[in-house]
Amino acid sequence: MKHTDIKDILNGQYTGQKVTVCGWVRTSRNSKTMAFMALNDGTSLSHLQIVVDKASGIAYEDAMPLGTSLKVEGTVVTGQNGTPEINAECITVLGVCPPEYPLQKKRHTLEFLRTMPHLRGRTNTFNAVMRVRSVLASAIHQYFQERNYVYVNTPLITGSDCEGAGEMFQVTTIGYAPDGTYKDADSYYAADFFGKRAGLSVSGQLEGEVAAMAMGKIYTFGPSFRAENSNTPKHLAEFWHVEPEIAFAELPDVIEIAEDMLKHVIRTVLDTCKEEMAFFDQHFEKGLVERLEELISHDFAVCDYTEAIRLLKESGEDFQYPVEWGCDLQTEHERYISEKMFRRATFVTNYPKEIKSFYMKLNPDGKTVAAVDLLVPGVGEIIGGSEREADYDKLVAAMQARGMNMIPYADYLDLRRFGSVPHGGFGLGFERLIMYVTGVSNIRDVILFPRAAGSIR
Ligand code: 4AD
Ligand code: MG
């Protein structure tokens with residue numbers, strides 16, 4: 001169906017010309033002699049006004065109900081407010097839309113819209129979120145591609161739990177086994193599709209390290225799955241994960257890349273999505289654009305975990321979870337650090353080894369590992385990363401201390417036997433980045449179909 005994008009018409013490229021446009025009616029109104037419809041085709045946050053002169057004899061009544069899809073032929077003229085609009089010459093109703101269409105004019109709450117994931121994309125909010133999401137994804141690829149990183153695709157079905165936190169969804173074709181069919185777990189898994197226990201990957205990092213040991217600099221950008229039973233505004237069971245892995249890099253290099261990458265992608269969104277960002281600034285977080293401009297024009301803060309604990313204890317703040325050296329930082333602590341202590345994006349480094357994963361490089365103090373989390377105001381952690389343990393014996397010791405089964409990690413350990421190098425990387429939660437950039441405060445509202453504990457559609 002040959003037609004012109006509404007975005008291009010609104011940009012003024014077609015003024016004076018005859019065009020065909022397609023879209024859905026967002027609002028409509030009638031005057032004595034004229035009818036008006038605001039049409040949206042998804043290419044722009046703004047609608048295109050269709051003007052019908054009733055004296056022309058064009059059948060317009062069926063084209064008025066909200067949600068109706070139309071094809072309109074007409075001439076692009078400049079409207080009274082200076083914006084291009086269409087003087088309609090022919091209107092074809094492609095699909096009617098009855099009055100029970102749930103997205104009638106008034107503003108709907110995000111909770112209400114969550115009950116109709118198949119329709120909510122047609123609201124201004126989701127139109128803007130999805131475009132920012134798309135521009136961010138493209139900017140991430142651009143950042144790494146321009147710097148000699150290789151984009152690799154790591155497997156989604158895996159035999160090892162990367163983070164070791166037991167949050168893996170199981171992949172099986174057997175399903176429910178009646179008592180007595182299998183004598184133990186091993187014989188059950190032996191009969192399963194892969195002949196051993198398999199699950200959905202929580203992170204592509206371990207395979208990403210394999211690729212980095214061959215190609216130097218790599219990144220992945222794909223889904224990760226976590227069976228965390230946490231019903232919070234920042235956890236999904238299926239989220240998109242950006243994971244660069246860099247050979248010949250130590251923790252300060254990892255931090256520098258994370259900061260530089262974030263600044264690049266936020267700059268790109270501010271430049272490319274001006275209209276969408278103005279919308280979020282107005283409706284979701286007053287001062288959002290200024291906050292992001294501020295963020296990318298300053299260095300992020302860096303704070304040692306031990307120092308962060310000292311400052312949290314001295315803060316006098318009444319936290320729900322008490323703070324002690326050795327504790328994992330809760331969202332309330334993370335937000336306090338970035339919102340009150342440093343008032344900007346803050347890297348917290350060198351966590352106690354007990355609360356971090358087995359693969360992180362042990363620091364000379366023997367107590368902490370070269371880990372880094374990036375905490376941002378409003379959201380908390382959006383990045384988790386580290387320098388990896390590149391020493392074979394130390395890595396084996398860390399795995400033994402955790403009582404891990406070495407067999408599934410034989411390939412991973414081989415990387416430390418054959419030309420091991422200092423290396424590191426990080427994981428960025430893509431939806432958390434979108435939350436931070438748009439000011440939308442629930443992660444379920446920045447992905448087309450959210451999957452969370454107890455909820456799938
Ligand atoms: O901190 P995490 O668990 O780190 C890793 O997975 C490392 N293997 C990454 C690496 O070094 N390559 O997860 C990284 C990020 C978190 O900071 C968070 O932004 C996001 O992934 N994330 C989630 N996002 C949405 N829903 C969830 N359930 C998430 N779990 C982690
Ligand atoms: Mg983490």
# chains A, B, ... in the order shown; residues from 1 in each chain; ligands from 1
>>> residues_around(residues="Leu156 of chain A", least_positions_apart="3", cutoff="9 Å", atoms="only C-alpha atoms", output="list in words")
Asn153, Gly199, Leu200, Ser201, Val202, Ser203, Gly204, Gly222, Pro223, Ser224 and Phe225 of chain A
>>> select_by_dssp(residues="segment 196-279 of chain A", states="strand (DSSP E or B)", output="PyMOL selection string")
chain A and resi 199-200+217-225+238-247
>>> residues_near_ligand(ligand="ligand 2", cutoff="9 Å", atoms="only C-alpha atoms and all ligand atoms", output="tab-separated table (two decimals) with N, CA, C and O atoms, in the first residue's frame")
chain	number	residue	atom	x	y	z
A	356	LYS	N	29.34	-11.77	46.12
A	356	LYS	CA	29.44	-11.65	44.66
A	356	LYS	C	29.76	-13.01	44.04
A	356	LYS	O	30.04	-13.98	44.73
A	372	VAL	N	32.00	-4.17	40.28
A	372	VAL	CA	31.48	-2.81	40.20
A	372	VAL	C	29.98	-2.86	39.89
A	372	VAL	O	29.52	-3.65	39.07
A	373	ASP	N	29.22	-2.04	40.60
A	373	ASP	CA	27.80	-1.84	40.28
A	373	ASP	C	27.63	-0.36	40.00
A	373	ASP	O	28.24	0.48	40.67
A	381	GLU	N	20.47	-0.04	40.95
A	381	GLU	CA	21.48	-0.68	40.10
A	381	GLU	C	21.01	-0.81	38.66
A	381	GLU	O	19.95	-1.37	38.40
A	382	ILE	N	21.80	-0.30	37.72
A	382	ILE	CA	21.47	-0.58	36.31
A	382	ILE	C	22.58	-1.39	35.62
A	382	ILE	O	22.36	-1.98	34.58
A	383	ILE	N	23.77	-1.39	36.23
A	383	ILE	CA	24.89	-2.16	35.66
A	383	ILE	C	25.54	-2.97	36.78
A	383	ILE	O	25.70	-2.47	37.90
A	384	GLY	N	25.91	-4.21	36.44
A	384	GLY	CA	26.74	-5.01	37.35
A	384	GLY	C	27.88	-5.57	36.53
A	384	GLY	O	27.66	-6.09	35.44
A	385	GLY	N	29.10	-5.46	37.03
A	385	GLY	CA	30.23	-5.97	36.26
A	385	GLY	C	31.42	-6.27	37.14
A	385	GLY	O	31.34	-6.15	38.37
A	427	GLY	N	27.29	-6.07	32.72
A	427	GLY	CA	25.95	-6.31	32.18
A	427	GLY	C	25.07	-5.11	32.47
A	427	GLY	O	25.00	-4.63	33.60
>>> closest_residue(among="A:Pro65, A:Gly23, A:Gly316, A:Gly425", to="Lys217 of chain A", atoms="only C-alpha atoms")
A:Gly425
>>> closest_residue(among="A:Thr268, A:Asn40, A:Asn87, A:Thr172", to="Leu292 of chain A", atoms="only C-alpha atoms")
A:Thr268
>>> residues_around(residues="Met116 of chain A", least_positions_apart="3", cutoff="10 Å", atoms="only C-alpha atoms", output="list of chain:residue names")
A:Pro102, A:Leu103, A:Glu111, A:Phe112, A:Leu113, A:Leu119, A:Arg120, A:Gly121, A:Phe449, A:Arg457
>>> write_last_selection(atoms="C-alpha atoms", output="PDB file, in the first residue's frame")
ATOM      1  CA  PRO A 102     -11.080   0.736  25.446  1.00  0.00           C
ATOM      2  CA  LEU A 103      -8.689   3.571  24.582  1.00  0.00           C
ATOM      3  CA  GLU A 111      -1.990   0.088  35.598  1.00  0.00           C
ATOM      4  CA  PHE A 112      -5.120   0.100  33.440  1.00  0.00           C
ATOM      5  CA  LEU A 113      -3.049  -0.056  30.265  1.00  0.00           C
ATOM      6  CA  LEU A 119      -3.549  -2.208  22.649  1.00  0.00           C
ATOM      7  CA  ARG A 120      -1.462   0.013  24.891  1.00  0.00           C
ATOM      8  CA  GLY A 121       1.142   0.561  22.149  1.00  0.00           C
ATOM      9  CA  PHE A 449       5.022  -7.830  26.753  1.00  0.00           C
ATOM     10  CA  ARG A 457       0.242 -12.900  28.465  1.00  0.00           C
TER      11      ARG A 457
END
>>> residues_around(residues="Arg344 of chain A", least_positions_apart="6", cutoff="10 Å", atoms="only C-alpha atoms", output="ChimeraX atom specification")
/A:291,294-295,298-301,337-338,375-377
>>> write_last_selection(atoms="N, CA, C and O atoms", output="tab-separated table (two decimals), in the first residue's frame")
chain	number	residue	atom	x	y	z
A	291	ARG	N	18.13	16.93	33.92
A	291	ARG	CA	18.86	15.95	34.74
A	291	ARG	C	19.80	15.11	33.87
A	291	ARG	O	20.95	14.86	34.25
A	294	GLU	N	22.74	17.16	32.62
A	294	GLU	CA	23.63	17.31	33.76
A	294	GLU	C	24.48	16.04	33.93
A	294	GLU	O	25.70	16.09	34.10
A	295	LEU	N	23.80	14.90	33.86
A	295	LEU	CA	24.47	13.61	34.05
A	295	LEU	C	25.61	13.42	33.06
A	295	LEU	O	26.72	13.02	33.44
A	298	HIS	N	29.02	15.57	33.47
A	298	HIS	CA	29.92	15.42	34.63
A	298	HIS	C	30.46	14.00	34.72
A	298	HIS	O	29.86	13.08	34.19
A	299	ASP	N	31.58	13.86	35.43
A	299	ASP	CA	32.07	12.52	35.72
A	299	ASP	C	31.11	11.83	36.69
A	299	ASP	O	30.55	12.48	37.57
A	300	PHE	N	30.93	10.52	36.52
A	300	PHE	CA	30.16	9.76	37.51
A	300	PHE	C	31.03	9.64	38.78
A	300	PHE	O	32.25	9.71	38.71
A	301	ALA	N	30.37	9.44	39.91
A	301	ALA	CA	31.13	9.24	41.15
A	301	ALA	C	31.62	7.80	41.23
A	301	ALA	O	31.02	6.90	40.63
A	337	ILE	N	22.62	6.18	48.20
A	337	ILE	CA	23.99	6.50	47.76
A	337	ILE	C	23.97	7.44	46.55
A	337	ILE	O	24.66	8.46	46.52
A	338	SER	N	23.14	7.11	45.55
A	338	SER	CA	23.15	7.94	44.33
A	338	SER	C	22.30	9.21	44.46
A	338	SER	O	22.61	10.22	43.85
A	375	LEU	N	25.01	2.60	40.26
A	375	LEU	CA	23.74	2.96	40.89
A	375	LEU	C	23.31	4.32	40.37
A	375	LEU	O	24.11	5.25	40.28
A	376	VAL	N	22.03	4.44	39.99
A	376	VAL	CA	21.54	5.72	39.50
A	376	VAL	C	20.32	6.17	40.30
A	376	VAL	O	19.54	5.34	40.78
A	377	PRO	N	20.14	7.49	40.43
A	377	PRO	CA	18.98	8.01	41.15
A	377	PRO	C	17.68	7.49	40.54
A	377	PRO	O	17.57	7.37	39.32
>>> atom_distance(atom1="atom CA of Thr125 of chain A", atom2="atom CA of Phe144 of chain A")
29.0 Å
>>> residues_near_ligand(ligand="ligand 1", cutoff="9 Å", atoms="only C-alpha atoms and all ligand atoms", output="PyMOL selection string")
chain A and resi 162-163+165+202-206+208-209+224-228+230+234-245+357+371-375+380-388+424-433+443+452
>>> closest_residue(among="A:Thr154, A:Gln320, A:Thr33, A:Asn124", to="Gly57 of chain A", atoms="only C-alpha atoms")
A:Thr33
>>> residues_around(residues="Ala211 of chain A", least_positions_apart="5", cutoff="8 Å", atoms="only C-alpha atoms", output="list in words")
Val152, Gly216 and Ile218 of chain A
>>> write_last_selection(atoms="N, CA and C atoms", output="PDB file, in the first residue's frame")
ATOM      1  N   VAL A 152      28.349 -10.634  19.347  1.00  0.00           N
ATOM      2  CA  VAL A 152      28.184 -12.096  19.344  1.00  0.00           C
ATOM      3  C   VAL A 152      26.844 -12.465  19.975  1.00  0.00           C
ATOM      4  N   GLY A 216      38.922 -10.427  21.313  1.00  0.00           N
ATOM      5  CA  GLY A 216      39.400  -9.253  22.045  1.00  0.00           C
ATOM      6  C   GLY A 216      38.308  -8.436  22.694  1.00  0.00           C
ATOM      7  N   ILE A 218      34.141  -7.897  22.629  1.00  0.00           N
ATOM      8  CA  ILE A 218      32.852  -8.377  22.113  1.00  0.00           C
ATOM      9  C   ILE A 218      31.723  -7.763  22.937  1.00  0.00           C
TER      10      ILE A 218
END
>>> atom_distance(atom1="atom CA of Asp393 of chain A", atom2="atom CA of Asp414 of chain A")
11.6 Å
>>> residues_around(residues="segment 311-314 of chain A", least_positions_apart="4", cutoff="12 Å", atoms="only C-alpha atoms", output="list of chain:residue names")
A:Cys303, A:Asp304, A:Tyr305, A:Thr306, A:Glu307, A:Asp318, A:Phe319, A:Tyr321, A:Pro322, A:Val323, A:Glu324, A:Trp325, A:Cys327, A:Leu329, A:Gln330, A:Glu332, A:His333, A:Glu334, A:Arg335, A:Tyr336, A:Ile337, A:Ser338, A:Lys340, A:Met341, A:Phe342
>>> residues_around(residues="segment 28-31 of chain A", least_positions_apart="4", cutoff="10 Å", atoms="only C-alpha atoms", output="tab-separated table (two decimals) with N, CA and C atoms, in the first residue's frame")
chain	number	residue	atom	x	y	z
A	35	ALA	N	-15.11	18.74	9.25
A	35	ALA	CA	-14.82	17.64	10.20
A	35	ALA	C	-13.30	17.51	10.29
A	36	PHE	N	-12.81	17.16	11.49
A	36	PHE	CA	-11.37	17.06	11.71
A	36	PHE	C	-11.04	15.72	12.35
A	37	MET	N	-10.00	15.07	11.88
A	37	MET	CA	-9.52	13.85	12.51
A	37	MET	C	-8.02	13.97	12.73
A	38	ALA	N	-7.56	13.57	13.93
A	38	ALA	CA	-6.12	13.53	14.18
A	38	ALA	C	-5.68	12.10	13.93
A	39	LEU	N	-4.77	11.94	12.96
A	39	LEU	CA	-4.35	10.60	12.53
A	39	LEU	C	-2.93	10.31	13.02
A	49	GLN	N	-3.32	16.30	11.32
A	49	GLN	CA	-4.74	16.69	11.23
A	49	GLN	C	-5.27	16.51	9.80
A	50	ILE	N	-6.39	15.80	9.72
A	50	ILE	CA	-7.09	15.62	8.44
A	50	ILE	C	-8.29	16.56	8.46
A	52	VAL	N	-11.75	17.85	6.61
A	52	VAL	CA	-12.77	17.52	5.60
A	52	VAL	C	-13.74	18.68	5.47
A	53	ASP	N	-13.84	19.19	4.27
A	53	ASP	CA	-14.83	20.22	3.97
A	53	ASP	C	-16.15	19.49	3.68
A	54	LYS	N	-17.13	19.69	4.55
A	54	LYS	CA	-18.36	18.90	4.41
A	54	LYS	C	-19.05	19.14	3.06
A	61	GLU	N	-18.46	10.37	8.08
A	61	GLU	CA	-19.02	9.95	9.38
A	61	GLU	C	-18.38	8.66	9.90
A	63	ALA	N	-15.55	7.59	9.37
A	63	ALA	CA	-14.12	7.75	9.61
A	63	ALA	C	-13.83	8.46	10.93
A	64	MET	N	-14.87	8.82	11.67
A	64	MET	CA	-14.67	9.64	12.88
A	64	MET	C	-14.38	8.85	14.17
A	65	PRO	N	-14.97	7.65	14.39
A	65	PRO	CA	-14.81	7.01	15.70
A	65	PRO	C	-13.34	6.75	16.06
A	66	LEU	N	-12.97	6.93	17.32
A	66	LEU	CA	-11.60	6.72	17.77
A	66	LEU	C	-11.16	5.29	17.49
A	105	LYS	N	-10.82	8.78	24.78
A	105	LYS	CA	-9.96	9.96	24.85
A	105	LYS	C	-9.21	10.20	26.16
>>> select_by_dssp(residues="segment 138-198 of chain A", states="helix (DSSP H, G or I)", output="number ranges by chain")
A: 138-145, 185-190
>>> closest_residue(among="A:Val132, A:Ile355, A:Thr272, A:Ala212", to="Arg402 of chain A", atoms="only C-alpha atoms")
A:Ile355
>>> closest_residue(among="A:Tyr60, A:Trp24, A:Tyr101, A:Phe221", to="Val150 of chain A", atoms="only C-alpha atoms")
A:Phe221
>>> atom_distance(atom1="atom CA of His423 of chain A", atom2="atom CA of Ala258 of chain A")
14.3 Å
